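Colleague: Below is the file data_22.txt, with compact mmCIF, C-alpha atoms.
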# COMPACT_ATOMS: atom_id res chain seq x y z
CA MET H 1 111.90 155.13 45.96
CA GLY H 2 113.04 157.12 42.90
CA ILE H 3 112.43 154.10 40.70
CA LYS H 4 108.94 153.62 42.12
CA LYS H 5 108.13 157.19 41.12
CA ALA H 6 109.50 156.75 37.61
CA THR H 7 107.51 153.67 36.63
CA ARG H 8 104.26 151.84 37.16
CA LEU H 9 105.98 148.51 36.66
CA PRO H 10 106.51 146.41 39.79
CA VAL H 11 109.90 146.93 41.41
CA ILE H 12 111.63 143.71 42.45
CA LEU H 13 114.72 143.78 44.65
CA PHE H 14 117.78 141.67 43.80
CA PRO H 15 119.70 142.03 47.06
CA ALA H 16 123.45 141.44 47.37
CA SER H 17 123.07 141.04 51.13
CA GLU H 18 120.60 141.69 53.94
CA THR H 19 121.28 145.42 53.56
CA GLY H 20 119.52 145.30 50.18
CA VAL H 21 116.07 144.94 51.74
CA SER H 22 114.09 148.12 51.09
CA ARG H 23 110.56 149.11 51.97
CA HIS H 24 110.31 151.00 48.67
CA ALA H 25 109.71 147.95 46.52
CA ASP H 26 106.92 145.55 45.65
CA ALA H 27 108.77 142.28 45.85
CA ILE H 28 112.15 140.70 46.49
CA PHE H 29 114.02 137.80 45.00
CA PHE H 30 114.62 135.84 48.20
CA MET H 31 117.89 134.32 47.04
CA SER H 32 120.17 131.59 48.28
CA MET H 33 123.55 130.78 46.72
CA LEU H 34 123.14 127.03 47.04
CA ASN H 35 126.70 126.31 45.91
CA SER H 36 128.54 128.64 48.27
CA ARG H 37 131.13 127.21 50.67
CA ASP H 38 130.05 129.83 53.22
CA PRO H 39 126.70 129.38 55.03
CA TYR H 40 126.36 133.18 55.17
CA PHE H 41 125.45 133.18 51.46
CA ILE H 42 123.09 130.20 51.75
CA THR H 43 121.03 131.02 54.84
CA GLY H 44 122.99 133.53 56.96
CA ALA H 45 122.20 136.79 55.16
CA GLN H 46 118.69 135.48 54.56
CA LYS H 47 117.93 134.98 58.25
CA ARG H 48 119.16 138.53 58.91
CA GLY H 49 116.98 140.00 56.15
CA ALA H 50 113.85 137.91 56.68
CA PRO H 51 112.39 139.93 59.58
CA LEU H 52 112.65 143.13 57.48
CA VAL H 53 111.01 141.41 54.52
CA LYS H 54 108.12 140.58 56.82
CA GLN H 55 107.99 144.05 58.32
CA PHE H 56 107.95 145.69 54.87
CA LYS H 57 105.36 143.17 53.63
CA LEU H 58 107.37 142.44 50.48
CA GLU H 59 106.23 139.69 48.16
CA THR H 60 108.93 136.99 48.16
CA LEU H 61 110.14 135.19 45.05
CA PRO H 62 112.24 132.22 46.21
CA MET H 63 115.31 131.83 44.02
CA ALA H 64 118.35 129.58 43.84
CA TYR H 65 121.41 131.49 42.68
CA LEU H 66 123.81 129.00 41.11
CA LEU H 67 127.32 130.10 40.18
CA VAL H 68 128.79 128.51 37.07
CA GLU H 69 132.38 128.84 35.83
CA PRO H 70 134.01 131.31 35.41
CA GLY H 71 131.82 132.91 38.10
CA GLY H 72 133.39 136.37 38.13
CA ALA H 73 133.49 138.68 41.12
CA VAL H 74 130.22 137.43 42.60
CA GLY H 75 131.59 133.89 42.54
CA ARG H 76 134.69 134.97 44.43
CA VAL H 77 132.90 137.19 46.94
CA GLY H 78 130.25 134.52 47.50
CA LYS H 79 132.93 131.82 47.94
CA ALA H 80 131.14 129.73 45.34
CA ASP H 81 132.06 126.13 44.76
CA LEU H 82 131.62 126.85 41.03
CA ILE H 83 129.71 124.42 38.83
CA PRO H 84 132.20 123.33 36.13
CA ARG H 85 131.10 124.16 32.59
CA THR H 86 131.48 120.48 31.74
CA LYS H 87 129.09 119.29 34.48
CA PRO H 88 125.50 120.03 33.47
CA GLU H 89 124.41 117.15 35.73
CA LEU H 90 125.69 119.09 38.75
CA ALA H 91 123.64 122.13 37.70
CA VAL H 92 120.65 119.79 37.41
CA ALA H 93 121.27 118.36 40.90
CA TYR H 94 121.33 121.87 42.38
CA ALA H 95 118.26 122.94 40.40
CA LEU H 96 116.37 119.88 41.64
CA THR H 97 117.51 120.70 45.18
CA ALA H 98 116.07 124.19 44.70
CA GLN H 99 112.78 122.82 43.44
CA TYR H 100 112.49 120.24 46.23
CA LEU H 101 113.24 122.91 48.84
CA GLY H 102 110.33 124.92 47.42
CA MET H 103 112.06 127.52 45.26
CA ARG H 104 110.32 128.73 42.10
CA PHE H 105 113.25 130.43 40.34
CA VAL H 106 116.67 129.13 39.31
CA TYR H 107 119.34 131.59 38.19
CA LEU H 108 122.35 130.16 36.36
CA GLU H 109 125.04 132.85 36.68
CA ALA H 110 128.41 132.82 34.91
CA GLY H 111 129.42 136.11 36.56
CA SER H 112 128.97 139.68 35.46
CA GLY H 113 131.11 140.40 32.41
CA ALA H 114 132.23 136.77 32.13
CA ALA H 115 134.32 135.88 29.08
CA ILE H 116 131.93 133.03 28.26
CA PRO H 117 128.28 132.59 29.19
CA VAL H 118 126.61 129.51 30.74
CA PRO H 119 126.82 126.65 28.17
CA THR H 120 123.62 126.03 26.22
CA ASN H 121 123.67 122.30 26.99
CA MET H 122 123.64 123.13 30.71
CA VAL H 123 120.63 125.42 30.21
CA ARG H 124 118.88 122.65 28.26
CA ALA H 125 119.62 120.00 30.91
CA VAL H 126 118.25 122.15 33.73
CA ARG H 127 115.19 123.06 31.64
CA ARG H 128 114.38 119.39 31.02
CA ALA H 129 114.86 118.29 34.63
CA THR H 130 112.98 121.00 36.51
CA ARG H 131 109.92 123.19 36.29
CA ALA H 132 111.46 126.30 37.85
CA THR H 133 111.45 129.61 36.03
CA LEU H 134 114.94 129.64 34.55
CA ILE H 135 117.08 132.78 34.49
CA VAL H 136 120.45 132.83 32.72
CA GLY H 137 123.03 135.59 32.98
CA GLY H 138 126.70 136.49 32.79
CA GLY H 139 128.80 136.98 29.68
CA ILE H 140 125.88 137.19 27.29
CA LYS H 141 127.17 139.91 24.97
CA THR H 142 125.50 139.29 21.62
CA PRO H 143 121.94 138.72 20.40
CA ARG H 144 123.05 135.31 19.14
CA GLU H 145 124.32 134.20 22.56
CA ALA H 146 121.02 135.33 24.06
CA VAL H 147 118.81 133.60 21.53
CA GLU H 148 120.72 130.30 21.81
CA ARG H 149 119.99 130.22 25.52
CA VAL H 150 116.35 131.10 25.03
CA LYS H 151 116.04 128.26 22.53
CA ALA H 152 117.69 125.96 25.11
CA GLY H 153 114.93 126.85 27.58
CA ALA H 154 115.86 130.03 29.45
CA ASP H 155 112.80 132.04 30.49
CA VAL H 156 114.77 135.19 31.27
CA ILE H 157 118.09 136.50 29.95
CA VAL H 158 120.07 138.92 32.09
CA THR H 159 122.55 141.21 30.38
CA GLY H 160 123.89 144.39 31.85
CA THR H 161 127.44 145.02 30.74
CA ILE H 162 126.34 145.40 27.13
CA VAL H 163 124.14 148.31 28.16
CA GLU H 164 127.04 149.97 29.92
CA HIS H 165 129.72 149.51 27.29
CA VAL H 166 128.37 149.54 23.76
CA LYS H 167 128.38 152.75 21.74
CA ASN H 168 125.09 152.48 19.89
CA ARG H 169 123.16 151.53 22.99
CA ALA H 170 119.56 151.83 21.79
CA ALA H 171 120.19 149.91 18.59
CA GLU H 172 122.05 147.12 20.39
CA ILE H 173 119.34 146.71 22.99
CA HIS H 174 116.69 146.71 20.29
CA GLU H 175 118.55 144.00 18.40
CA MET H 176 118.97 141.88 21.55
CA VAL H 177 115.29 142.10 22.45
CA LYS H 178 114.25 141.31 18.88
CA ALA H 179 116.51 138.26 18.80
CA VAL H 180 115.18 136.92 22.11
CA LYS H 181 111.57 137.39 20.97
CA LEU H 182 112.33 135.56 17.73
CA GLY H 183 114.07 132.79 19.67
CA ARG H 184 110.92 132.37 21.75
CA GLY H 185 108.76 132.31 18.65
CA ALA H 186 106.99 135.45 19.88
CA MET F 1 110.10 97.83 52.04
CA GLY F 2 109.19 95.87 55.15
CA ILE F 3 107.33 98.87 56.50
CA LYS F 4 105.42 99.32 53.25
CA LYS F 5 104.21 95.73 53.57
CA ALA F 6 103.15 96.17 57.17
CA THR F 7 100.93 99.23 56.72
CA ARG F 8 98.68 101.03 54.31
CA LEU F 9 99.69 104.38 55.73
CA PRO F 10 101.99 106.49 53.57
CA VAL F 11 105.68 106.03 54.37
CA ILE F 12 107.65 109.27 54.59
CA LEU F 13 111.44 109.23 54.75
CA PHE F 14 113.31 111.35 57.28
CA PRO F 15 116.84 111.02 55.89
CA ALA F 16 120.00 111.66 57.93
CA SER F 17 121.99 112.07 54.72
CA GLU F 18 121.75 111.39 50.99
CA THR F 19 122.09 107.67 51.73
CA GLY F 20 118.65 107.78 53.33
CA VAL F 21 116.87 108.11 49.98
CA SER F 22 114.93 104.90 49.28
CA ARG F 23 112.67 103.88 46.43
CA HIS F 24 110.48 101.96 48.91
CA ALA F 25 108.66 105.02 50.22
CA ASP F 26 105.91 107.39 49.19
CA ALA F 27 107.46 110.69 50.15
CA ILE F 28 110.50 112.28 51.71
CA PHE F 29 111.05 115.20 54.03
CA PHE F 30 113.46 117.18 51.85
CA MET F 31 115.31 118.72 54.76
CA SER F 32 117.86 121.47 55.18
CA MET F 33 119.57 122.29 58.48
CA LEU F 34 119.41 126.05 57.97
CA ASN F 35 121.53 126.80 61.03
CA SER F 36 124.45 124.50 60.30
CA ARG F 37 127.95 125.96 59.99
CA ASP F 38 128.69 123.33 57.31
CA PRO F 39 127.14 123.76 53.83
CA TYR F 40 126.99 119.96 53.52
CA PHE F 41 124.00 119.93 55.89
CA ILE F 42 122.29 122.89 54.22
CA THR F 43 122.54 122.05 50.51
CA GLY F 44 125.42 119.57 50.04
CA ALA F 45 123.73 116.31 51.00
CA GLN F 46 120.57 117.59 49.32
CA LYS F 47 122.22 118.10 45.94
CA ARG F 48 123.63 114.56 46.18
CA GLY F 49 120.26 113.06 47.03
CA ALA F 50 118.06 115.12 44.69
CA PRO F 51 118.71 113.09 41.50
CA LEU F 52 117.66 109.90 43.34
CA VAL F 53 114.53 111.59 44.67
CA LYS F 54 113.65 112.41 41.08
CA GLN F 55 114.50 108.93 39.83
CA PHE F 56 112.37 107.28 42.53
CA LYS F 57 109.54 109.77 41.91
CA LEU F 58 109.18 110.50 45.64
CA GLU F 59 106.84 113.26 46.76
CA THR F 60 108.95 115.97 48.40
CA LEU F 61 107.98 117.77 51.59
CA PRO F 62 110.33 120.77 51.96
CA MET F 63 111.42 121.17 55.57
CA ALA F 64 113.69 123.45 57.56
CA TYR F 65 115.41 121.56 60.36
CA LEU F 66 116.33 124.05 63.07
CA LEU F 67 118.52 123.00 65.95
CA VAL F 68 117.78 124.57 69.31
CA GLU F 69 119.86 124.28 72.50
CA PRO F 70 120.92 121.82 73.83
CA GLY F 71 120.86 120.22 70.36
CA GLY F 72 122.14 116.77 71.31
CA ALA F 73 124.06 114.46 69.01
CA VAL F 74 122.38 115.70 65.83
CA GLY F 75 123.39 119.26 66.70
CA ARG F 76 127.02 118.20 67.12
CA VAL F 77 127.16 115.98 64.03
CA GLY F 78 125.38 118.63 61.96
CA LYS F 79 127.73 121.34 63.26
CA ALA F 80 124.71 123.41 64.21
CA ASP F 81 125.04 127.02 65.23
CA LEU F 82 122.43 126.26 67.90
CA ILE F 83 119.56 128.67 68.47
CA PRO F 84 119.86 129.79 72.12
CA ARG F 85 116.82 128.94 74.25
CA THR F 86 116.57 132.61 75.15
CA LYS F 87 116.35 133.80 71.51
CA PRO F 88 112.90 133.02 70.11
CA GLU F 89 113.40 135.90 67.65
CA LEU F 90 116.27 133.97 66.05
CA ALA F 91 114.04 130.92 65.64
CA VAL F 92 111.47 133.23 64.04
CA ALA F 93 114.10 134.68 61.65
CA TYR F 94 115.08 131.18 60.52
CA ALA F 95 111.45 130.08 60.22
CA LEU F 96 110.69 133.13 58.06
CA THR F 97 113.76 132.32 55.97
CA ALA F 98 112.37 128.82 55.47
CA GLN F 99 108.98 130.16 54.45
CA TYR F 100 110.43 132.75 52.06
CA LEU F 101 112.65 130.09 50.45
CA GLY F 102 109.50 128.06 49.80
CA MET F 103 109.57 125.48 52.58
CA ARG F 104 106.28 124.23 54.01
CA PHE F 105 107.52 122.54 57.21
CA VAL F 106 109.58 123.88 60.11
CA TYR F 107 111.01 121.43 62.63
CA LEU F 108 112.26 122.87 65.94
CA GLU F 109 114.61 120.22 67.33
CA ALA F 110 116.20 120.25 70.80
CA GLY F 111 118.03 117.00 70.11
CA SER F 112 117.04 113.42 70.72
CA GLY F 113 116.86 112.69 74.44
CA ALA F 114 117.54 116.33 75.34
CA ALA F 115 117.31 117.21 79.03
CA ILE F 116 114.90 120.05 78.21
CA PRO F 117 112.59 120.47 75.23
CA VAL F 118 112.18 123.55 72.97
CA PRO F 119 110.75 126.38 75.12
CA THR F 120 107.04 126.97 74.70
CA ASN F 121 107.51 130.72 74.11
CA MET F 122 109.76 129.89 71.16
CA VAL F 123 107.10 127.57 69.73
CA ARG F 124 104.51 130.32 70.17
CA ALA F 125 106.68 133.00 68.53
CA VAL F 126 107.34 130.84 65.46
CA ARG F 127 103.66 129.90 65.25
CA ARG F 128 102.60 133.54 65.24
CA ALA F 129 105.17 134.68 62.68
CA THR F 130 104.88 131.95 60.04
CA ARG F 131 102.33 129.75 58.34
CA ALA F 132 104.55 126.66 58.05
CA THR F 133 103.45 123.35 59.50
CA LEU F 134 105.30 123.33 62.82
CA ILE F 135 106.97 120.22 64.19
CA VAL F 136 108.56 120.18 67.64
CA GLY F 137 110.78 117.45 69.02
CA GLY F 138 113.57 116.58 71.42
CA GLY F 139 113.35 116.11 75.16
CA ILE F 140 109.56 115.84 75.28
CA LYS F 141 109.19 113.14 77.89
CA THR F 142 105.82 113.73 79.51
CA PRO F 143 102.25 114.26 78.32
CA ARG F 144 102.33 117.68 79.98
CA GLU F 145 105.41 118.81 78.04
CA ALA F 146 103.71 117.66 74.85
CA VAL F 147 100.42 119.36 75.51
CA GLU F 148 102.06 122.67 76.43
CA ARG F 149 103.77 122.77 73.04
CA VAL F 150 100.58 121.85 71.20
CA LYS F 151 98.80 124.67 72.98
CA ALA F 152 101.65 127.00 71.94
CA GLY F 153 101.00 126.10 68.31
CA ALA F 154 102.92 122.93 67.41
CA ASP F 155 101.15 120.91 64.72
CA VAL F 156 103.20 117.78 65.32
CA ILE F 157 105.03 116.49 68.40
CA VAL F 158 107.91 114.07 67.92
CA THR F 159 108.84 111.81 70.79
CA GLY F 160 110.84 108.64 70.46
CA THR F 161 112.95 108.04 73.52
CA ILE F 162 109.88 107.62 75.70
CA VAL F 163 108.78 104.72 73.54
CA GLU F 164 112.17 103.08 73.94
CA HIS F 165 112.66 103.54 77.65
CA VAL F 166 109.42 103.49 79.62
CA LYS F 167 108.20 100.29 81.23
CA ASN F 168 104.48 100.53 80.67
CA ARG F 169 104.84 101.50 77.03
CA ALA F 170 101.27 101.16 75.78
CA ALA F 171 99.77 103.08 78.69
CA GLU F 172 102.34 105.88 78.41
CA ILE F 173 101.77 106.30 74.68
CA HIS F 174 98.03 106.26 75.19
CA GLU F 175 98.33 108.96 77.82
CA MET F 176 100.58 111.10 75.59
CA VAL F 177 98.22 110.85 72.62
CA LYS F 178 95.20 111.62 74.79
CA ALA F 179 96.94 114.69 76.23
CA VAL F 180 97.90 116.01 72.80
CA LYS F 181 94.36 115.52 71.50
CA LEU F 182 92.99 117.36 74.52
CA GLY F 183 95.52 120.14 74.02
CA ARG F 184 94.30 120.57 70.46
CA GLY F 185 90.70 120.59 71.62
CA ALA F 186 90.06 117.46 69.53
What does the file become when written as structure tokens?
Modeller:
Amino acid sequence: MGIKKATRLPVILFPASETGVSRHADAIFFMSMLNSRDPYFITGAQKRGAPLVKQFKLETLPMAYLLVEPGGAVGRVGKADLIPRTKPELAVAYALTAQYLGMRFVYLEAGSGAAIPVPTNMVRAVRRATRATLIVGGGIKTPREAVERVKAGADVIVTGTIVEHVKNRAAEIHEMVKAVKLGRGA
Amino acid sequence: MGIKKATRLPVILFPASETGVSRHADAIFFMSMLNSRDPYFITGAQKRGAPLVKQFKLETLPMAYLLVEPGGAVGRVGKADLIPRTKPELAVAYALTAQYLGMRFVYLEAGSGAAIPVPTNMVRAVRRATRATLIVGGGIKTPREAVERVKAGADVIVTGTIVEHVKNRAAEIHEMVKAVKLGRGA
């Protein structure tokens, strides 16, 4: 609610579980961790949250959340059967599954604060095989790492830790955004 | 392939696993048993079959396959966490999940040869809550049972056992089709 007051931009929820469904938003990433070993993270939390999503009349953005090595805390909590860094074809198989099930977004996630981000060749392989909007996050700490993934086909780069930890925050963010825009040819 | 030769109608696959993906078809129900306790039936078989679906250029029809009590053999094999007959709201929650994940078809399945079909009030509740194309099957043995479910909002009725077991096959099928058409007001 505070965020809605502070901005005119649409507010999109990125829920960690069914308790993340709020009426004070415009839309919600309706996410499924396709490569979890626990059905709760694939359809269980979703079926608990869905009636609230309907009640609050949120716009739904169907998203596959795919955990790639090293996976970090979210990979452990979500009991992910992590996609090995050396298996871009497995990421492609999951991304195709997402597309064929009707999802419009694919998020390749290496885990928050990961030592290494999702490999660029995996980003490229998924980009070539599917038409989903492609989000890449986890372990992207430098403008260069971001721009490489944009050039490989990522539509969106997610980086958070950098904002929390760097000293010269504004300058670093500016540099990251500039690099991504250049990578896109914008 | 034999079926393709015998008819001009489109052939749509209804696969039991990833081995059911064939190049000799026009389309495939890309199914997920949302209420399985085993991820294999939710996304595991799908991620194995997806690359073949792409290779064979099959049209994909995204479908949620929801197992309702008694569930029959497919419920047991698929390790379904069966939707109780007395919980239409749970069927609705799963159907909304399907819709929000991007699926266009919802199949309420009581199990092949079930003693009792999916309750009509459950069909009605799902129909009211979602816009998916609604398929109902399992245990529908009489024209009356079929027509009640059509009136409750089913778009498609699946019945197979009746075709295999009744004596006067042609007459029985004719009567079933006539009843469903009447139920629809066609």
Colleague: Report chain F as a compact mmCIF listing (two decimals) with C-alpha atoms, in the coordinates of the input in the frame of chain H, after least-squares superposition over all C-alpha atoms paired in order.
Modeller:
# COMPACT_ATOMS: atom_id res chain seq x y z
CA MET F 1 111.92 155.15 45.93
CA GLY F 2 113.09 157.11 42.91
CA ILE F 3 112.47 154.10 40.71
CA LYS F 4 108.97 153.63 42.11
CA LYS F 5 108.18 157.21 41.11
CA ALA F 6 109.56 156.77 37.61
CA THR F 7 107.55 153.69 36.62
CA ARG F 8 104.31 151.86 37.15
CA LEU F 9 106.01 148.53 36.65
CA PRO F 10 106.52 146.43 39.78
CA VAL F 11 109.92 146.92 41.41
CA ILE F 12 111.64 143.70 42.45
CA LEU F 13 114.73 143.77 44.65
CA PHE F 14 117.78 141.67 43.80
CA PRO F 15 119.71 142.03 47.06
CA ALA F 16 123.46 141.42 47.39
CA SER F 17 123.07 141.02 51.15
CA GLU F 18 120.59 141.68 53.94
CA THR F 19 121.28 145.41 53.56
CA GLY F 20 119.54 145.28 50.18
CA VAL F 21 116.09 144.92 51.74
CA SER F 22 114.10 148.11 51.09
CA ARG F 23 110.56 149.11 51.96
CA HIS F 24 110.33 151.02 48.65
CA ALA F 25 109.72 147.94 46.51
CA ASP F 26 106.94 145.55 45.64
CA ALA F 27 108.78 142.26 45.84
CA ILE F 28 112.15 140.70 46.48
CA PHE F 29 114.03 137.80 44.99
CA PHE F 30 114.62 135.83 48.20
CA MET F 31 117.87 134.31 47.04
CA SER F 32 120.17 131.59 48.28
CA MET F 33 123.55 130.79 46.72
CA LEU F 34 123.14 127.03 47.04
CA ASN F 35 126.70 126.30 45.92
CA SER F 36 128.54 128.62 48.28
CA ARG F 37 131.13 127.19 50.67
CA ASP F 38 130.05 129.82 53.24
CA PRO F 39 126.69 129.37 55.04
CA TYR F 40 126.35 133.17 55.18
CA PHE F 41 125.44 133.18 51.48
CA ILE F 42 123.09 130.20 51.75
CA THR F 43 121.01 131.03 54.84
CA GLY F 44 122.97 133.53 56.97
CA ALA F 45 122.20 136.78 55.16
CA GLN F 46 118.68 135.47 54.56
CA LYS F 47 117.92 134.96 58.24
CA ARG F 48 119.15 138.52 58.90
CA GLY F 49 117.00 139.99 56.16
CA ALA F 50 113.84 137.91 56.67
CA PRO F 51 112.38 139.93 59.58
CA LEU F 52 112.66 143.12 57.47
CA VAL F 53 111.01 141.41 54.51
CA LYS F 54 108.12 140.57 56.81
CA GLN F 55 108.00 144.05 58.31
CA PHE F 56 107.96 145.69 54.86
CA LYS F 57 105.36 143.18 53.63
CA LEU F 58 107.37 142.46 50.46
CA GLU F 59 106.23 139.68 48.15
CA THR F 60 108.93 136.99 48.15
CA LEU F 61 110.13 135.19 45.04
CA PRO F 62 112.24 132.21 46.20
CA MET F 63 115.32 131.83 44.02
CA ALA F 64 118.35 129.58 43.84
CA TYR F 65 121.41 131.49 42.68
CA LEU F 66 123.82 129.02 41.11
CA LEU F 67 127.31 130.09 40.18
CA VAL F 68 128.79 128.53 37.07
CA GLU F 69 132.39 128.84 35.83
CA PRO F 70 134.02 131.31 35.42
CA GLY F 71 131.83 132.90 38.12
CA GLY F 72 133.40 136.37 38.14
CA ALA F 73 133.49 138.69 41.13
CA VAL F 74 130.22 137.42 42.62
CA GLY F 75 131.58 133.87 42.56
CA ARG F 76 134.70 134.97 44.45
CA VAL F 77 132.90 137.18 46.97
CA GLY F 78 130.24 134.51 47.52
CA LYS F 79 132.92 131.82 47.94
CA ALA F 80 131.13 129.73 45.35
CA ASP F 81 132.05 126.12 44.75
CA LEU F 82 131.62 126.87 41.04
CA ILE F 83 129.72 124.44 38.84
CA PRO F 84 132.20 123.33 36.14
CA ARG F 85 131.10 124.16 32.59
CA THR F 86 131.49 120.49 31.74
CA LYS F 87 129.09 119.29 34.48
CA PRO F 88 125.50 120.04 33.47
CA GLU F 89 124.41 117.15 35.73
CA LEU F 90 125.68 119.10 38.75
CA ALA F 91 123.64 122.13 37.70
CA VAL F 92 120.65 119.80 37.39
CA ALA F 93 121.27 118.36 40.90
CA TYR F 94 121.33 121.87 42.38
CA ALA F 95 118.27 122.94 40.39
CA LEU F 96 116.37 119.87 41.64
CA THR F 97 117.50 120.70 45.17
CA ALA F 98 116.07 124.19 44.70
CA GLN F 99 112.78 122.82 43.43
CA TYR F 100 112.48 120.23 46.22
CA LEU F 101 113.22 122.91 48.84
CA GLY F 102 110.32 124.91 47.42
CA MET F 103 112.06 127.50 45.26
CA ARG F 104 110.33 128.73 42.11
CA PHE F 105 113.25 130.44 40.34
CA VAL F 106 116.67 129.12 39.31
CA TYR F 107 119.32 131.59 38.19
CA LEU F 108 122.35 130.17 36.35
CA GLU F 109 125.04 132.84 36.68
CA ALA F 110 128.42 132.84 34.92
CA GLY F 111 129.42 136.10 36.57
CA SER F 112 128.98 139.67 35.47
CA GLY F 113 131.11 140.41 32.42
CA ALA F 114 132.23 136.78 32.14
CA ALA F 115 134.32 135.91 29.09
CA ILE F 116 131.94 133.05 28.26
CA PRO F 117 128.29 132.60 29.20
CA VAL F 118 126.61 129.51 30.75
CA PRO F 119 126.82 126.67 28.18
CA THR F 120 123.63 126.05 26.24
CA ASN F 121 123.67 122.30 27.00
CA MET F 122 123.64 123.14 30.71
CA VAL F 123 120.64 125.44 30.20
CA ARG F 124 118.89 122.67 28.27
CA ALA F 125 119.62 120.00 30.91
CA VAL F 126 118.24 122.16 33.73
CA ARG F 127 115.19 123.07 31.64
CA ARG F 128 114.38 119.42 31.01
CA ALA F 129 114.85 118.29 34.61
CA THR F 130 112.98 121.01 36.51
CA ARG F 131 109.91 123.19 36.28
CA ALA F 132 111.46 126.29 37.86
CA THR F 133 111.45 129.60 36.03
CA LEU F 134 114.95 129.64 34.55
CA ILE F 135 117.08 132.77 34.48
CA VAL F 136 120.45 132.83 32.73
CA GLY F 137 123.03 135.59 32.99
CA GLY F 138 126.70 136.49 32.80
CA GLY F 139 128.81 136.96 29.71
CA ILE F 140 125.89 137.20 27.29
CA LYS F 141 127.17 139.91 25.00
CA THR F 142 125.51 139.30 21.65
CA PRO F 143 121.96 138.73 20.40
CA ARG F 144 123.07 135.32 19.15
CA GLU F 145 124.33 134.21 22.58
CA ALA F 146 121.02 135.33 24.05
CA VAL F 147 118.84 133.61 21.52
CA GLU F 148 120.73 130.32 21.81
CA ARG F 149 120.00 130.22 25.53
CA VAL F 150 116.34 131.11 25.03
CA LYS F 151 116.05 128.28 22.54
CA ALA F 152 117.68 125.97 25.11
CA GLY F 153 114.94 126.85 27.58
CA ALA F 154 115.88 130.04 29.46
CA ASP F 155 112.81 132.03 30.49
CA VAL F 156 114.77 135.18 31.27
CA ILE F 157 118.10 136.50 29.95
CA VAL F 158 120.06 138.94 32.09
CA THR F 159 122.53 141.21 30.39
CA GLY F 160 123.88 144.40 31.86
CA THR F 161 127.42 145.03 30.74
CA ILE F 162 126.33 145.43 27.13
CA VAL F 163 124.11 148.31 28.16
CA GLU F 164 127.02 149.98 29.92
CA HIS F 165 129.69 149.54 27.29
CA VAL F 166 128.34 149.56 23.74
CA LYS F 167 128.33 152.76 21.71
CA ASN F 168 125.05 152.49 19.88
CA ARG F 169 123.11 151.51 22.98
CA ALA F 170 119.52 151.82 21.77
CA ALA F 171 120.14 149.89 18.56
CA GLU F 172 122.02 147.11 20.37
CA ILE F 173 119.29 146.68 22.96
CA HIS F 174 116.65 146.69 20.27
CA GLU F 175 118.52 144.00 18.38
CA MET F 176 118.94 141.87 21.53
CA VAL F 177 115.26 142.09 22.43
CA LYS F 178 114.21 141.30 18.86
CA ALA F 179 116.49 138.25 18.80
CA VAL F 180 115.16 136.93 22.10
CA LYS F 181 111.56 137.39 20.96
CA LEU F 182 112.34 135.54 17.74
CA GLY F 183 114.06 132.78 19.69
CA ARG F 184 110.92 132.33 21.76
CA GLY F 185 108.78 132.29 18.63
CA ALA F 186 106.97 135.41 19.88
Colleague: Contacts from chain F to chain H, 10 Å maximum, all atoms listed in the file: show me the residue list as a VMD selection string.
Modeller: chain F and resid 28 to 54 59 to 64 89 to 104 129 to 130
Colleague: So, with only C-alpha atoms as the atoms that count, which of H:Ala146, H:Phe105, H:Ala6, H:Gly113 lies closest to Thr133 (chain H)?
Modeller: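 Ranked by minimum distance to Thr133 (chain H), first place goes to H:Phe105.
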Colleague: If we count only C-alpha atoms, what is near Lys181 (chain F) at a cut-off of 12 Å, once residues fewer than 5 positions away on the same chain are taken out, given as a list of chain:residue names?
Modeller: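 The contact residues come out as F:Pro143, F:Arg144, F:Ala146, F:Val147, F:Glu148, F:Arg149, F:Val150, F:Lys151, F:Asp155, F:Val156, F:Ile157, F:His174, F:Glu175, F:Met176, F:Ala186.
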Colleague: Let me have the centre and edge lengths in Å, one decimal, of the box along x, y and z around every listed atom of region 6-20 of chain H with 8 Å of margin on each side, as JSON.
Modeller:
{"center_x": 113.9, "center_y": 148.9, "center_z": 45.3, "size_x": 35.2, "size_y": 31.7, "size_z": 33.3}
Colleague: Quick one, how far is CA of Ala115 (chain F) from CA of Gly153 (chain F)?
Modeller: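 Spanning CA of Ala115 (chain F) to CA of Gly153 (chain F) is a straight-line distance of 21.4 Å.
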Colleague: Would you compute the distance between CA of Leu67 (chain F) and CA of Asp81 (chain F)? Give it in Å to one decimal.
Modeller: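 Taking CA of Leu67 (chain F) as the start and CA of Asp81 (chain F) as the end point, the length is 7.7 Å.
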Colleague: Separation of CA of Thr86 (chain F) and CA of Gly138 (chain F), in Å?
Modeller: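 CA of Gly138 (chain F) lies 16.7 Å from CA of Thr86 (chain F).
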Colleague: List as a ChimeraX atom specification the protein and nucleic acid residues near Ala114 (chain H), meaning an atom at most 7 Å away when all atoms listed in the file are counted, but skip any in the same chain fewer than 3 places from it.
Modeller: /H:70,72,110-111,117,138-139
Colleague: If we draw a sphere of 8 Å around (109.8, 148.1, 49.2), which residues have at least one atom in it when counting only C-alpha atoms? Please report them as a JSON list (two decimals) with C-alpha atoms, in the coordinates of the input.
Modeller:
[["chain", "number", "residue", "atom", "x", "y", "z"],
["H", 11, "VAL", "CA", 109.90, 146.93, 41.41],
["H", 13, "LEU", "CA", 114.72, 143.78, 44.65],
["H", 21, "VAL", "CA", 116.07, 144.94, 51.74],
["H", 22, "SER", "CA", 114.09, 148.12, 51.09],
["H", 23, "ARG", "CA", 110.56, 149.11, 51.97],
["H", 24, "HIS", "CA", 110.31, 151.00, 48.67],
["H", 25, "ALA", "CA", 109.71, 147.95, 46.52],
["H", 26, "ASP", "CA", 106.92, 145.55, 45.65],
["H", 27, "ALA", "CA", 108.77, 142.28, 45.85],
["H", 56, "PHE", "CA", 107.95, 145.69, 54.87],
["H", 57, "LYS", "CA", 105.36, 143.17, 53.63],
["H", 58, "LEU", "CA", 107.37, 142.44, 50.48]]
